[in-house]
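The structure appears right after this line, and notes come after that.
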Number of protein chains: 2
Amino acid sequence: MADGAALMRNEDGIAAAVGILKQQFGERFHTGSAVREQHGHTTTWIANQAPDGVVFARSTDDVSQIIKVCATHKVPVIAFGTGTSLEGHVNAPAGGISIDLSQMDKVIAVNAGDLDCRVQPGVTREALNTHLRDQGLFFPIDPGANASLGGMAATRASGTNAVRYGTMKDNVLSLEVVMPDGAVIRTASRARKSSAGYDLTRLMVGSEGTLGIITEITLRLQGIPEAMSAARCSFPSVEAASKTVMAVIQYGLPVARIELLDTMVVRALNAYSKLDLPEGPLLLLEFHGSEASVAEQAETFGMLAEEEGGSGYRATASQEERNKLWQARHDAYWAMLALRPGSKAVTTDVCVPISRLAEAVSTAQEKAAELDLFAPIVGHAGDGNFHASLLIDMDDPSEIARAKEFVSWLNDMAISMDGTCTGEHGVGQGKRPYLIRELGADTVSVMGAIKKALDPDNIMNPGKILPE
Amino acid sequence: MADGAALMRNEDGIAAAVGILKQQFGERFHTGSAVREQHGHTTTWIANQAPDGVVFARSTDDVSQIIKVCATHKVPVIAFGTGTSLEGHVNAPAGGISIDLSQMDKVIAVNAGDLDCRVQPGVTREALNTHLRDQGLFFPIDPGANASLGGMAATRASGTNAVRYGTMKDNVLSLEVVMPDGAVIRTASRARKSSAGYDLTRLMVGSEGTLGIITEITLRLQGIPEAMSAARCSFPSVEAASKTVMAVIQYGLPVARIELLDTMVVRALNAYSKLDLPEGPLLLLEFHGSEASVAEQAETFGMLAEEEGGSGYRATASQEERNKLWQARHDAYWAMLALRPGSKAVTTDVCVPISRLAEAVSTAQEKAAELDLFAPIVGHAGDGNFHASLLIDMDDPSEIARAKEFVSWLNDMAISMDGTCTGEHGVGQGKRPYLIRELGADTVSVMGAIKKALDPDNIMNPGKILPE
């Protein structure tokens, strides 16, 4: 599934840049194969394409200096946070220099009065939340992995809390970005809203390092709610669970999380985590607010779920039980892998209008069965976003072929429902063929014109998002 | 204050385009001076710069056809919705063709299950809400004027509800846009979130017709809340009122509206609307939610306000009293004008981090007094956004000069506080000098590069946002 065949390696330029960066960064510049491979794609079936060198940057100046060297010699530059992306974002199909930002990990400022903070891109979301806890604040976006905030901004990440708190696009106030010529720009002020010119913040969020490298992020924060509770409810069918989700959204119930686990996942969890969940589709929820509001939300949800045949409804405000419930959600990945020991999990990501969620999930289950594939499904149901985790025997070429057929079919189905080929993972290399099917050639060529205007030599993360 | 001196009129091109459009659009093409002037800027002290002709478009095809004619002859194209913009957005400094979109006023589809709808750009926000009411839905963005949704998207409008529901950037799911070459693109699917490529939706929102013309908008909707209540509370000082706002935001109280009116506005309202509000800064609020939640929010607010010396606190769930309270806010403009009969009100717009709001408002009051100006202030306090409405005797050149000094000073002050020169009105012609002071030359040149890439002949609303 690796891509980038049409991209040519600029051998002379790479050799020159490697030489200069070695001089400039000394021990912080690495060309050993282990480090290089670790900075290519490692998480899915997309082949690893290692960069030619890795620099551990410590400042915006470092990043600007590296980019200037690469710009001079027309050498690709790829930003690297924690390497948890799923669509080949950190691969180097034409070689080049990986800038590892993990050492730019300072929380620069927290403005409690304005509920915002300024961080370097290598700060992970867990590190930020640890830093904030004492001040009664938190940053809500949770994509699962302990990703870096720079990477999360670059891929427009979201996750379980997006139904209430939005995605990275909604929670980034401003960015500092090093552009393809090494210039350092700030995209916006710290005001909570602005109509001052083109929304460069949102253009950079989700641009996957193809327009510039994010070196500082100003984020909106939330106060830790007075109360939280968690709940779970089983349903007779995916349709009943999805109808409940729609009812919740239409009712305006401000759920903080509403996650769908299909029967296969529930079975896997029962086996892996020694639970006794009813064997059927499950919704896992979290409510945030005042104590009274959280109690009311839980009660209202129970009522809405009952109307759709929900059963085994349990809500709890106890932190221990809450953690236990959500642990199940976090265990889902390992539980699924345990369904088929030795298999590799490849997680796909699509998002459809909520009214189509039930149909999309059910049809996906049928298609997987038809292709004789294991494809347990979990979804951020409140957004219509779901993932099928294909458990693949990587030694079976026929199964790999069928899995590829499934992924392709799933993307096309989501697109046919006026949904998207990626709700939160980004395009990277893996979703490039679908972008044009989703948005059309004219739209993608507008993206291409912007890319060309800002990065005329195509040095910023080439081979990602756009066709060559 | 009119601008665009550096832009040259392309007389030959304009003559050619006018001839062709006259043929193609017959009675729907107007060149009479009354219609032309009405399609230039009419709302503030910025001079009217009329287009050479006005076409009333009825379809995306019409818009595409007009743009193709103008592209061929390198003639400016300016989109016109309701003409309520405040910074000269609809002016034609180099002449050209105004496309009036008010007849593209169809609500194309409402998807109640997905809480979204698709509308033509000429639908006004009030017309949309009238259309939606029977289905228990509403569209929350309320900039005051009954603006068109196309214009609201183009200027990234917001208003009183933004503290809870966000701005146009948060409520547009997808756009259909006619590009500067006449190509029609769709920026996104109807999924509630997506990571599929560059965020062209957000790039177009707030681009003020300089990158393309919006011909369809897919909007997020909200369910009409089960309960609403309104409240008012007076404060001993702007600082006390602002501290209460900060406490509300930090507490996470989900207020739907929290508006600040300064003492001068309160006095004006007492006189104009025969009210007996205490003469001091006032906060007006609205709470949305379940009945219990609304009651709890009102109670919590009362508690937070009391801590800051709030007095005369009244909350009401009665619709009649609610309307009466908010009528006062809507009357504010007329009440202020009545403070100084015969004067013209020129409303400026800045937005600062909330922690700086008290200082910004107080300093602005002092500066206005120092310059001997009437400048009553109202603010969307929950966002740190406020407007000073200068009441100017337009026959007094010295007063006009002092007013201009004030506006310039106010923008610079907001920028110095890491705020923005426009929270919601947009840049247009009037705020262009401040954009570069706010974001720096490198940032503005990135905007310029995008503009140049998409509109190389600078035909889309030239003389707006960017320096020539």
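To be explicit about the labels: the chains of the structure tokens are called A, B, and onward in the order shown, and within each one the residues are counted from 1, while ligands get numbers from 1 in the order they are shown.
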
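Overlay of chain A onto chain B (least squares, all Cα atoms, paired in order); RMSD 0.0 Å.
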
Within 7 Å of chain B, which residues of chain A show up? Give each one with its shortest atom-to-atom distance in Å (one decimal) and the two atoms involved, counting only C-alpha atoms, rows by chain then rising residue number, as JSON lines.
{"residue": "A:Gly113", "atom": "CA", "partner": "B:Ser355", "partner_atom": "CA", "distance": 5.7}
{"residue": "A:Asp114", "atom": "CA", "partner": "B:Ile354", "partner_atom": "CA", "distance": 5.7}
{"residue": "A:Leu115", "atom": "CA", "partner": "B:Gln250", "partner_atom": "CA", "distance": 7.0}
{"residue": "A:Thr155", "atom": "CA", "partner": "B:Ser195", "partner_atom": "CA", "distance": 6.7}
{"residue": "A:Arg156", "atom": "CA", "partner": "B:Ser195", "partner_atom": "CA", "distance": 5.8}
{"residue": "A:Ile185", "atom": "CA", "partner": "B:Thr443", "partner_atom": "CA", "distance": 5.3}
{"residue": "A:Arg186", "atom": "CA", "partner": "B:Thr443", "partner_atom": "CA", "distance": 6.5}
{"residue": "A:Thr187", "atom": "CA", "partner": "B:Thr443", "partner_atom": "CA", "distance": 6.5}
{"residue": "A:Ala188", "atom": "CA", "partner": "B:Leu439", "partner_atom": "CA", "distance": 6.5}
{"residue": "A:Ser189", "atom": "CA", "partner": "B:Asp418", "partner_atom": "CA", "distance": 5.4}
{"residue": "A:Arg190", "atom": "CA", "partner": "B:Asp418", "partner_atom": "CA", "distance": 5.5}
{"residue": "A:Ala191", "atom": "CA", "partner": "B:Gly419", "partner_atom": "CA", "distance": 4.8}
{"residue": "A:Arg192", "atom": "CA", "partner": "B:Asp383", "partner_atom": "CA", "distance": 5.8}
{"residue": "A:Lys193", "atom": "CA", "partner": "B:Gly423", "partner_atom": "CA", "distance": 5.6}
{"residue": "A:Ser194", "atom": "CA", "partner": "B:Gly423", "partner_atom": "CA", "distance": 4.0}
{"residue": "A:Ser195", "atom": "CA", "partner": "B:Gly426", "partner_atom": "CA", "distance": 4.7}
{"residue": "A:Ala196", "atom": "CA", "partner": "B:Thr422", "partner_atom": "CA", "distance": 5.7}
{"residue": "A:Gly197", "atom": "CA", "partner": "B:Ile465", "partner_atom": "CA", "distance": 6.0}
{"residue": "A:Tyr198", "atom": "CA", "partner": "B:Ser207", "partner_atom": "CA", "distance": 5.6}
{"residue": "A:Asp199", "atom": "CA", "partner": "B:Leu203", "partner_atom": "CA", "distance": 5.5}
{"residue": "A:Arg202", "atom": "CA", "partner": "B:Arg202", "partner_atom": "CA", "distance": 6.2}
{"residue": "A:Leu203", "atom": "CA", "partner": "B:Asp199", "partner_atom": "CA", "distance": 5.5}
{"residue": "A:Gly206", "atom": "CA", "partner": "B:Ser195", "partner_atom": "CA", "distance": 6.2}
{"residue": "A:Ser207", "atom": "CA", "partner": "B:Tyr198", "partner_atom": "CA", "distance": 5.6}
{"residue": "A:Gly223", "atom": "CA", "partner": "B:Gln250", "partner_atom": "CA", "distance": 5.9}
{"residue": "A:Met246", "atom": "CA", "partner": "B:Gly113", "partner_atom": "CA", "distance": 6.7}
{"residue": "A:Gln250", "atom": "CA", "partner": "B:Gly223", "partner_atom": "CA", "distance": 5.9}
{"residue": "A:Tyr251", "atom": "CA", "partner": "B:Gly223", "partner_atom": "CA", "distance": 6.5}
{"residue": "A:Gly252", "atom": "CA", "partner": "B:Gly223", "partner_atom": "CA", "distance": 6.1}
{"residue": "A:Ser293", "atom": "CA", "partner": "B:Ser293", "partner_atom": "CA", "distance": 6.1}
{"residue": "A:Cys351", "atom": "CA", "partner": "B:Ala191", "partner_atom": "CA", "distance": 6.0}
{"residue": "A:Val352", "atom": "CA", "partner": "B:Ala191", "partner_atom": "CA", "distance": 5.0}
{"residue": "A:Pro353", "atom": "CA", "partner": "B:Ala191", "partner_atom": "CA", "distance": 4.9}
{"residue": "A:Ile354", "atom": "CA", "partner": "B:Asp114", "partner_atom": "CA", "distance": 5.7}
{"residue": "A:Ser355", "atom": "CA", "partner": "B:Gly113", "partner_atom": "CA", "distance": 5.7}
{"residue": "A:Asp383", "atom": "CA", "partner": "B:Arg192", "partner_atom": "CA", "distance": 5.8}
{"residue": "A:Asp418", "atom": "CA", "partner": "B:Ser189", "partner_atom": "CA", "distance": 5.4}
{"residue": "A:Gly419", "atom": "CA", "partner": "B:Ala191", "partner_atom": "CA", "distance": 4.8}
{"residue": "A:Thr420", "atom": "CA", "partner": "B:Ser189", "partner_atom": "CA", "distance": 6.0}
{"residue": "A:Cys421", "atom": "CA", "partner": "B:Ala196", "partner_atom": "CA", "distance": 6.8}
{"residue": "A:Thr422", "atom": "CA", "partner": "B:Ser195", "partner_atom": "CA", "distance": 5.5}
{"residue": "A:Gly423", "atom": "CA", "partner": "B:Ser194", "partner_atom": "CA", "distance": 4.0}
{"residue": "A:Glu424", "atom": "CA", "partner": "B:Ser195", "partner_atom": "CA", "distance": 5.0}
{"residue": "A:His425", "atom": "CA", "partner": "B:Ser195", "partner_atom": "CA", "distance": 6.5}
{"residue": "A:Gly426", "atom": "CA", "partner": "B:Ser195", "partner_atom": "CA", "distance": 4.7}
{"residue": "A:Val427", "atom": "CA", "partner": "B:Ala196", "partner_atom": "CA", "distance": 5.8}
{"residue": "A:Leu435", "atom": "CA", "partner": "B:Ala196", "partner_atom": "CA", "distance": 6.5}
{"residue": "A:Leu439", "atom": "CA", "partner": "B:Ala188", "partner_atom": "CA", "distance": 6.5}
{"residue": "A:Asp442", "atom": "CA", "partner": "B:Ile185", "partner_atom": "CA", "distance": 6.0}
{"residue": "A:Thr443", "atom": "CA", "partner": "B:Ile185", "partner_atom": "CA", "distance": 5.3}
{"residue": "A:Met447", "atom": "CA", "partner": "B:Tyr198", "partner_atom": "CA", "distance": 6.4}
{"residue": "A:Ala449", "atom": "CA", "partner": "B:Ala453", "partner_atom": "CA", "distance": 6.0}
{"residue": "A:Ile450", "atom": "CA", "partner": "B:Ile450", "partner_atom": "CA", "distance": 5.8}
{"residue": "A:Ala453", "atom": "CA", "partner": "B:Ala453", "partner_atom": "CA", "distance": 5.8}
{"residue": "A:Leu454", "atom": "CA", "partner": "B:Ala449", "partner_atom": "CA", "distance": 6.9}
{"residue": "A:Ile465", "atom": "CA", "partner": "B:Gly197", "partner_atom": "CA", "distance": 6.0}

Could you list, as a PDB file with N, CA and C atoms, in the first residue's frame, every residue within 9 Å of stretch 20-23 of chain A, counting only C-alpha atoms and ignoring same-chain residues fewer than 5 positions away?
ATOM      1  N   ALA A  15      21.949  14.462  -0.506  1.00  0.00           N
ATOM      2  CA  ALA A  15      23.336  14.327  -0.029  1.00  0.00           C
ATOM      3  C   ALA A  15      23.849  15.662   0.519  1.00  0.00           C
ATOM      4  N   ARG A  28      22.407  15.723  17.252  1.00  0.00           N
ATOM      5  CA  ARG A  28      20.952  15.730  17.126  1.00  0.00           C
ATOM      6  C   ARG A  28      20.487  15.294  15.730  1.00  0.00           C
ATOM      7  N   PHE A  29      21.425  15.009  14.859  1.00  0.00           N
ATOM      8  CA  PHE A  29      21.092  14.540  13.514  1.00  0.00           C
ATOM      9  C   PHE A  29      21.445  13.059  13.398  1.00  0.00           C
ATOM     10  N   HIS A  30      20.485  12.263  12.977  1.00  0.00           N
ATOM     11  CA  HIS A  30      20.684  10.805  12.950  1.00  0.00           C
ATOM     12  C   HIS A  30      20.477  10.249  11.551  1.00  0.00           C
ATOM     13  N   GLY A  53      17.425  11.142   6.947  1.00  0.00           N
ATOM     14  CA  GLY A  53      18.017  11.609   8.185  1.00  0.00           C
ATOM     15  C   GLY A  53      16.921  12.156   9.099  1.00  0.00           C
ATOM     16  N   VAL A  55      16.317  14.893  12.327  1.00  0.00           N
ATOM     17  CA  VAL A  55      16.854  15.912  13.227  1.00  0.00           C
ATOM     18  C   VAL A  55      15.901  16.050  14.414  1.00  0.00           C
ATOM     19  N   ILE A  66      16.348  24.146   9.479  1.00  0.00           N
ATOM     20  CA  ILE A  66      16.317  22.863   8.733  1.00  0.00           C
ATOM     21  C   ILE A  66      15.537  23.043   7.424  1.00  0.00           C
ATOM     22  N   VAL A  69      17.524  24.890   4.803  1.00  0.00           N
ATOM     23  CA  VAL A  69      18.509  24.014   4.147  1.00  0.00           C
ATOM     24  C   VAL A  69      17.800  23.133   3.112  1.00  0.00           C
TER      25      VAL A  69
END

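Separating atom CA of B:Ala328 from atom CA of B:Pro236 is a distance of 19.9 Å.
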
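One distance worth recording is that between atom CA of B:Val245 and atom CA of B:His288, which is 16.9 Å.
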
Give me the residues within 9 Å of A:Asn171 as a PyMOL selection string, counting only C-alpha atoms and dropping any in the same chain fewer than 4 places off. chain A and resi 139-141+165-167+218-221

Selection from above, N, CA and C atoms, as a compact mmCIF listing (two decimals), in the first residue's frame, can you write it?
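Okay, this is what ended up in part.txt:
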# COMPACT_ATOMS: atom_id res chain seq x y z
N PHE A 139 -7.86 19.62 28.57
CA PHE A 139 -7.97 19.73 27.12
C PHE A 139 -8.72 18.49 26.64
N PRO A 140 -9.87 18.69 25.99
CA PRO A 140 -10.78 17.55 25.82
C PRO A 140 -10.49 16.58 24.68
N ILE A 141 -9.69 16.96 23.70
CA ILE A 141 -9.60 16.09 22.51
C ILE A 141 -8.79 14.83 22.83
N TYR A 165 -17.15 18.50 22.45
CA TYR A 165 -16.14 19.55 22.48
C TYR A 165 -15.56 19.88 21.10
N GLY A 166 -16.02 19.17 20.07
CA GLY A 166 -15.51 19.45 18.73
C GLY A 166 -14.19 18.74 18.45
N THR A 167 -13.57 19.10 17.33
CA THR A 167 -12.32 18.46 16.91
C THR A 167 -11.18 19.47 17.07
N THR A 218 -1.81 27.46 20.13
CA THR A 218 -2.62 28.05 21.20
C THR A 218 -3.95 27.31 21.19
N LEU A 219 -4.26 26.69 22.33
CA LEU A 219 -5.43 25.81 22.43
C LEU A 219 -6.47 26.37 23.37
N ARG A 220 -7.72 26.13 23.05
CA ARG A 220 -8.80 26.40 24.00
C ARG A 220 -8.83 25.29 25.04
N LEU A 221 -9.12 25.66 26.25
CA LEU A 221 -9.22 24.68 27.33
C LEU A 221 -10.62 24.68 27.91

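Minimum atom-to-atom distances from B:Ala231, B:Pro376, B:Leu282, B:Ala369 to B:Gln319 were compared using only C-alpha atoms, and the lowest value belongs to B:Ala231.
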
Would you mind writing down, as a list in words, each residue of stretch 213-285 of chain B that DSSP on the backbone assigns to alpha helix (DSSP H)? Val238, Glu239, Ala240, Ala241, Ser242, Lys243, Thr244, Val245, Met246, Ala247, Val248, Ile249, Gln250, Tyr251, Thr263, Met264, Val265, Val266, Arg267, Ala268, Leu269, Asn270, Ala271 and Tyr272 of chain B

Could you write out that same residue set with N, CA and C atoms as a short mmCIF file (atom, residue, chain, number, x, y, z; two decimals), in the first residue's frame?
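And here is the file that came out, part.cif:
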data_model
loop_
_atom_site.label_atom_id
_atom_site.label_comp_id
_atom_site.auth_asym_id
_atom_site.auth_seq_id
_atom_site.Cartn_x
_atom_site.Cartn_y
_atom_site.Cartn_z
N VAL B 238 -17.65 48.26 34.99
CA VAL B 238 -17.37 47.35 33.87
C VAL B 238 -16.48 46.21 34.35
N GLU B 239 -15.57 46.53 35.26
CA GLU B 239 -14.67 45.50 35.75
C GLU B 239 -15.44 44.40 36.48
N ALA B 240 -16.39 44.81 37.32
CA ALA B 240 -17.18 43.81 38.06
C ALA B 240 -17.99 42.96 37.09
N ALA B 241 -18.57 43.61 36.06
CA ALA B 241 -19.35 42.85 35.08
C ALA B 241 -18.44 41.88 34.32
N SER B 242 -17.26 42.35 33.93
CA SER B 242 -16.33 41.50 33.17
C SER B 242 -15.82 40.35 34.01
N LYS B 243 -15.57 40.61 35.28
CA LYS B 243 -15.13 39.52 36.16
C LYS B 243 -16.20 38.45 36.27
N THR B 244 -17.45 38.90 36.30
CA THR B 244 -18.55 37.93 36.35
C THR B 244 -18.56 37.08 35.08
N VAL B 245 -18.35 37.75 33.93
CA VAL B 245 -18.31 37.00 32.67
C VAL B 245 -17.21 35.96 32.71
N MET B 246 -16.03 36.36 33.19
CA MET B 246 -14.93 35.40 33.27
C MET B 246 -15.28 34.23 34.19
N ALA B 247 -15.94 34.55 35.30
CA ALA B 247 -16.32 33.49 36.23
C ALA B 247 -17.29 32.52 35.55
N VAL B 248 -18.21 33.08 34.77
CA VAL B 248 -19.19 32.25 34.05
C VAL B 248 -18.48 31.28 33.10
N ILE B 249 -17.53 31.83 32.34
CA ILE B 249 -16.82 31.01 31.35
C ILE B 249 -15.98 29.94 32.06
N GLN B 250 -15.28 30.35 33.12
CA GLN B 250 -14.43 29.38 33.81
C GLN B 250 -15.25 28.30 34.50
N TYR B 251 -16.42 28.70 34.97
CA TYR B 251 -17.30 27.73 35.63
C TYR B 251 -17.84 26.73 34.62
N THR B 263 -22.75 51.93 30.77
CA THR B 263 -23.66 52.86 31.42
C THR B 263 -24.34 53.80 30.42
N MET B 264 -23.59 54.25 29.43
CA MET B 264 -24.16 55.18 28.45
C MET B 264 -25.30 54.51 27.68
N VAL B 265 -25.14 53.24 27.35
CA VAL B 265 -26.19 52.52 26.63
C VAL B 265 -27.41 52.32 27.54
N VAL B 266 -27.15 52.00 28.79
CA VAL B 266 -28.25 51.79 29.73
C VAL B 266 -29.07 53.08 29.89
N ARG B 267 -28.36 54.19 30.02
CA ARG B 267 -29.05 55.49 30.12
C ARG B 267 -29.88 55.74 28.87
N ALA B 268 -29.29 55.44 27.72
CA ALA B 268 -29.99 55.66 26.45
C ALA B 268 -31.25 54.80 26.38
N LEU B 269 -31.13 53.57 26.85
CA LEU B 269 -32.28 52.66 26.81
C LEU B 269 -33.37 53.11 27.77
N ASN B 270 -32.97 53.55 28.94
CA ASN B 270 -33.97 54.05 29.89
C ASN B 270 -34.78 55.17 29.26
N ALA B 271 -34.08 56.06 28.56
CA ALA B 271 -34.76 57.19 27.94
C ALA B 271 -35.61 56.74 26.75
N TYR B 272 -35.02 55.92 25.90
CA TYR B 272 -35.67 55.56 24.64
C TYR B 272 -36.81 54.57 24.84
#

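Of note, atom CA of B:Leu128 and atom CA of B:Ile214 are spaced 16.9 Å apart.
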
Calculated over only C-alpha atoms, which of the candidates A:Pro281, A:His380, A:Ala305, A:Glu321 has the smallest distance to A:Ser362? A:Pro281

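The residue set within 8 Å of B:Val361, counting only C-alpha atoms and dropping same-chain residues fewer than 4 places from it, reads B:Val238, B:Leu357, B:Gln365, B:Ile377, B:Phe386.
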